[in-house]
Amino acid sequence: ILKRGNEEIEVNHGVVIVATGANEYKPKEYLYGLDNRVVTQMELEGIIKDGKLGADSIKNVVMIQCVGSRCDERPYCSRVCCNQAIKNAIALKEMNKNINVTVLYRDIRSYGLNEINYRSARKAGVQFVRYEPERKPEAVLDGGKLVIKAFEPILDMDIAFEADLLVLSAAIEPQTEQNKALAQML
């Protein structure tokens, strides 16, 4: 029975779906929070939207996928990170076609029709470089330069990228505390 003011309405139902949203994981890795050149995909999206990205001053952008996801603490794929990275990579290339954008990934999971965006990113010159989960990339400061190191399994060698901007595709986490309270109400 649902109540609205003094009115009661009886509703027959079998399922209630409650979409409570989620939070972006705040990384503890890859110098996040220690260097202002390291941001999350959501933060980059806001910077692009607000017009605060000096696209002419940025030459090299590196993106790392699966940060804080598909691991022991969060063993799931967040299902939005790859598409968000591809969308942001295309936006960067549209701002300045000379920006080098490299996406370091475990697997690209561009669900549904988003495969078209992946192809568009490749056509625009976005580089996709695979890494192995047991050999995750590293971010280091080298004389003030932000350097991203990775092992490339096809070439069977270590590679390095100097980055003006490092963008982390951070996991999506459930709102656990709010969900507990909501579950008690339901």
# chains A, B, ... in the order shown; residues from 1 in each chain; ligands from 1

$ select_by_dssp --residues "segment 63-114 of chain A" --states "alpha helix (DSSP H)" --output "ChimeraX atom specification"
/A:81-95

$ write_last_selection --atoms "all heavy atoms" --output "CSV table (one decimal), in the first residue's frame"
chain,number,residue,atom,x,y,z
A,81,CYS,N,34.2,2.7,-18.0
A,81,CYS,CA,35.6,3.3,-18.1
A,81,CYS,C,36.1,3.4,-19.5
A,81,CYS,O,36.7,4.4,-19.9
A,81,CYS,CB,36.5,2.6,-17.1
A,81,CYS,SG,35.9,2.4,-15.5
A,82,CYS,N,36.1,2.3,-20.2
A,82,CYS,CA,36.6,2.2,-21.6
A,82,CYS,C,35.9,3.2,-22.5
A,82,CYS,O,36.6,3.9,-23.2
A,82,CYS,CB,36.6,0.8,-22.1
A,82,CYS,SG,37.7,-0.4,-21.4
A,83,ASN,N,34.6,3.2,-22.4
A,83,ASN,CA,33.8,4.1,-23.3
A,83,ASN,C,34.1,5.6,-22.9
A,83,ASN,O,34.2,6.4,-23.8
A,83,ASN,CB,32.4,3.8,-23.2
A,83,ASN,CG,32.0,2.5,-23.8
A,83,ASN,OD1,32.6,2.1,-24.8
A,83,ASN,ND2,31.0,1.8,-23.3
A,84,GLN,N,34.3,5.9,-21.6
A,84,GLN,CA,34.6,7.2,-21.2
A,84,GLN,C,36.0,7.6,-21.7
A,84,GLN,O,36.2,8.8,-22.1
A,84,GLN,CB,34.5,7.3,-19.7
A,84,GLN,CG,34.6,8.8,-19.2
A,84,GLN,CD,34.4,8.8,-17.7
A,84,GLN,OE1,34.8,7.9,-16.9
A,84,GLN,NE2,33.9,10.0,-17.2
A,85,ALA,N,36.9,6.7,-21.6
A,85,ALA,CA,38.3,7.0,-22.0
A,85,ALA,C,38.3,7.3,-23.5
A,85,ALA,O,38.9,8.2,-24.0
A,85,ALA,CB,39.2,5.9,-21.7
A,86,ILE,N,37.6,6.5,-24.3
A,86,ILE,CA,37.5,6.6,-25.7
A,86,ILE,C,36.9,8.0,-26.1
A,86,ILE,O,37.4,8.7,-26.9
A,86,ILE,CB,36.8,5.4,-26.4
A,86,ILE,CG1,37.6,4.2,-26.2
A,86,ILE,CG2,36.5,5.7,-27.8
A,86,ILE,CD1,36.9,2.9,-26.6
A,87,LYS,N,35.8,8.3,-25.4
A,87,LYS,CA,35.1,9.5,-25.7
A,87,LYS,C,36.0,10.7,-25.4
A,87,LYS,O,36.1,11.7,-26.1
A,87,LYS,CB,33.8,9.6,-24.8
A,87,LYS,CG,33.0,10.8,-25.1
A,87,LYS,CD,31.8,10.9,-24.2
A,87,LYS,CE,32.3,11.3,-22.8
A,87,LYS,NZ,31.3,11.7,-21.9
A,88,ASN,N,36.7,10.7,-24.2
A,88,ASN,CA,37.6,11.8,-23.8
A,88,ASN,C,38.8,11.8,-24.8
A,88,ASN,O,39.3,12.9,-25.1
A,88,ASN,CB,38.1,11.6,-22.4
A,88,ASN,CG,37.0,12.0,-21.4
A,88,ASN,OD1,36.0,12.6,-21.8
A,88,ASN,ND2,37.1,11.5,-20.2
A,89,ALA,N,39.3,10.7,-25.2
A,89,ALA,CA,40.5,10.7,-26.2
A,89,ALA,C,40.1,11.4,-27.5
A,89,ALA,O,40.8,12.2,-28.0
A,89,ALA,CB,40.9,9.3,-26.4
A,90,ILE,N,38.9,11.1,-27.9
A,90,ILE,CA,38.4,11.7,-29.2
A,90,ILE,C,38.2,13.2,-29.0
A,90,ILE,O,38.6,14.0,-29.8
A,90,ILE,CB,37.0,11.1,-29.6
A,90,ILE,CG1,37.3,9.6,-30.1
A,90,ILE,CG2,36.3,11.9,-30.7
A,90,ILE,CD1,36.0,8.8,-30.4
A,91,ALA,N,37.7,13.6,-27.8
A,91,ALA,CA,37.5,15.0,-27.5
A,91,ALA,C,38.8,15.8,-27.5
A,91,ALA,O,39.0,16.9,-28.0
A,91,ALA,CB,36.8,15.2,-26.2
A,92,LEU,N,39.9,15.1,-26.9
A,92,LEU,CA,41.2,15.7,-26.9
A,92,LEU,C,41.7,15.9,-28.4
A,92,LEU,O,42.3,16.9,-28.7
A,92,LEU,CB,42.2,14.9,-26.1
A,92,LEU,CG,42.0,14.9,-24.6
A,92,LEU,CD1,42.8,13.8,-23.9
A,92,LEU,CD2,42.3,16.3,-24.0
A,93,LYS,N,41.6,14.9,-29.2
A,93,LYS,CA,42.0,14.9,-30.6
A,93,LYS,C,41.3,16.0,-31.4
A,93,LYS,O,41.8,16.6,-32.3
A,93,LYS,CB,41.9,13.6,-31.3
A,93,LYS,CG,42.9,12.5,-30.7
A,93,LYS,CD,44.3,12.9,-30.9
A,93,LYS,CE,44.9,12.4,-32.2
A,93,LYS,NZ,46.3,12.6,-32.3
A,94,GLU,N,40.0,16.2,-31.0
A,94,GLU,CA,39.2,17.2,-31.7
A,94,GLU,C,39.6,18.6,-31.3
A,94,GLU,O,39.6,19.5,-32.1
A,94,GLU,CB,37.7,17.0,-31.4
A,94,GLU,CG,37.1,15.9,-32.1
A,94,GLU,CD,35.7,15.6,-31.7
A,94,GLU,OE1,35.2,16.1,-30.7
A,94,GLU,OE2,35.0,14.7,-32.4
A,95,MET,N,40.1,18.7,-30.0
A,95,MET,CA,40.6,20.0,-29.6
A,95,MET,C,41.9,20.4,-30.2
A,95,MET,O,42.2,21.5,-30.6
A,95,MET,CB,40.8,20.0,-28.1
A,95,MET,CG,39.5,19.9,-27.3
A,95,MET,SD,39.8,19.6,-25.5
A,95,MET,CE,40.5,21.1,-25.0

$ closest_atom_pairs --of "segment 34-90 of chain A" --to "segment 133-153 of chain A" --cutoff "12 Å" --atoms "only C-alpha atoms" --output "Markdown table"
| residue | atom | partner | partner_atom | distance |
| --- | --- | --- | --- | --- |
| A:Leu34 | CA | A:Leu141 | CA | 10.6 |
| A:Asp35 | CA | A:Leu146 | CA | 8.9 |
| A:Asn36 | CA | A:Leu146 | CA | 10.6 |
| A:Arg37 | CA | A:Leu146 | CA | 8.0 |
| A:Val38 | CA | A:Leu146 | CA | 9.1 |
| A:Asn60 | CA | A:Leu146 | CA | 10.4 |
| A:Val61 | CA | A:Ile148 | CA | 10.2 |
| A:Val62 | CA | A:Ile148 | CA | 7.7 |
| A:Met63 | CA | A:Ile148 | CA | 9.7 |
| A:Ile64 | CA | A:Pro137 | CA | 7.8 |
| A:Gln65 | CA | A:Pro137 | CA | 9.9 |
| A:Cys66 | CA | A:Pro133 | CA | 9.3 |
| A:Val67 | CA | A:Lys136 | CA | 9.6 |
| A:Gly68 | CA | A:Lys136 | CA | 11.4 |
| A:Ser69 | CA | A:Pro133 | CA | 10.9 |
| A:Arg70 | CA | A:Pro133 | CA | 9.0 |
| A:Cys71 | CA | A:Pro133 | CA | 8.9 |
| A:Asp72 | CA | A:Pro133 | CA | 11.8 |

$ closest_residue --among "A:Ser57, A:Ser120, A:Thr176, A:Ser110" --to "Ala163 of chain A" --atoms "only C-alpha atoms"
A:Ser57

$ select_by_dssp --residues "segment 37-165 of chain A" --states "strand (DSSP E)" --output "ChimeraX atom specification"
/A:38-40,60-67,100-105,127-130,138-142,145-152,157-163,165

$ atom_distance --atom1 "atom CA of Glu24 of chain A" --atom2 "atom CA of Lys180 of chain A"
18.4 Å

$ residues_around --residues "Val126 of chain A" --least-positions-apart "3" --cutoff "7 Å" --atoms "only C-alpha atoms" --output "number ranges by chain"
A: 89, 101-102, 121-122

$ closest_residue --among "A:Asp156, A:Glu10, A:Val129, A:Val39" --to "Tyr25 of chain A" --atoms "only C-alpha atoms"
A:Val39

$ closest_residue --among "A:Arg79, A:Lys49, A:Arg4, A:Lys123" --to "Asp107 of chain A" --atoms "only C-alpha atoms"
A:Arg79

$ closest_residue --among "A:Val18, A:Ile116, A:Leu155, A:Ala124" --to "Asn179 of chain A" --atoms "only C-alpha atoms"
A:Val18

$ residues_around --residues "Val11 of chain A" --least-positions-apart "6" --cutoff "12 Å" --atoms "only C-alpha atoms" --output "MDAnalysis selection string"
chainID A and resid 1:3

$ write_last_selection --atoms "N, CA, C and O atoms" --output "short mmCIF file (atom, residue, chain, number, x, y, z; two decimals), in the first residue's frame"
data_model
loop_
_atom_site.label_atom_id
_atom_site.label_comp_id
_atom_site.auth_asym_id
_atom_site.auth_seq_id
_atom_site.Cartn_x
_atom_site.Cartn_y
_atom_site.Cartn_z
N ILE A 1 0.86 -1.18 0.00
CA ILE A 1 0.00 0.00 0.00
C ILE A 1 0.90 1.24 0.00
O ILE A 1 1.81 1.34 0.81
N LEU A 2 0.60 2.14 -0.92
CA LEU A 2 1.31 3.42 -0.99
C LEU A 2 0.42 4.49 -0.39
O LEU A 2 -0.80 4.48 -0.59
N LYS A 3 1.02 5.42 0.33
CA LYS A 3 0.26 6.51 0.94
C LYS A 3 0.71 7.83 0.35
O LYS A 3 1.89 8.10 0.21
#
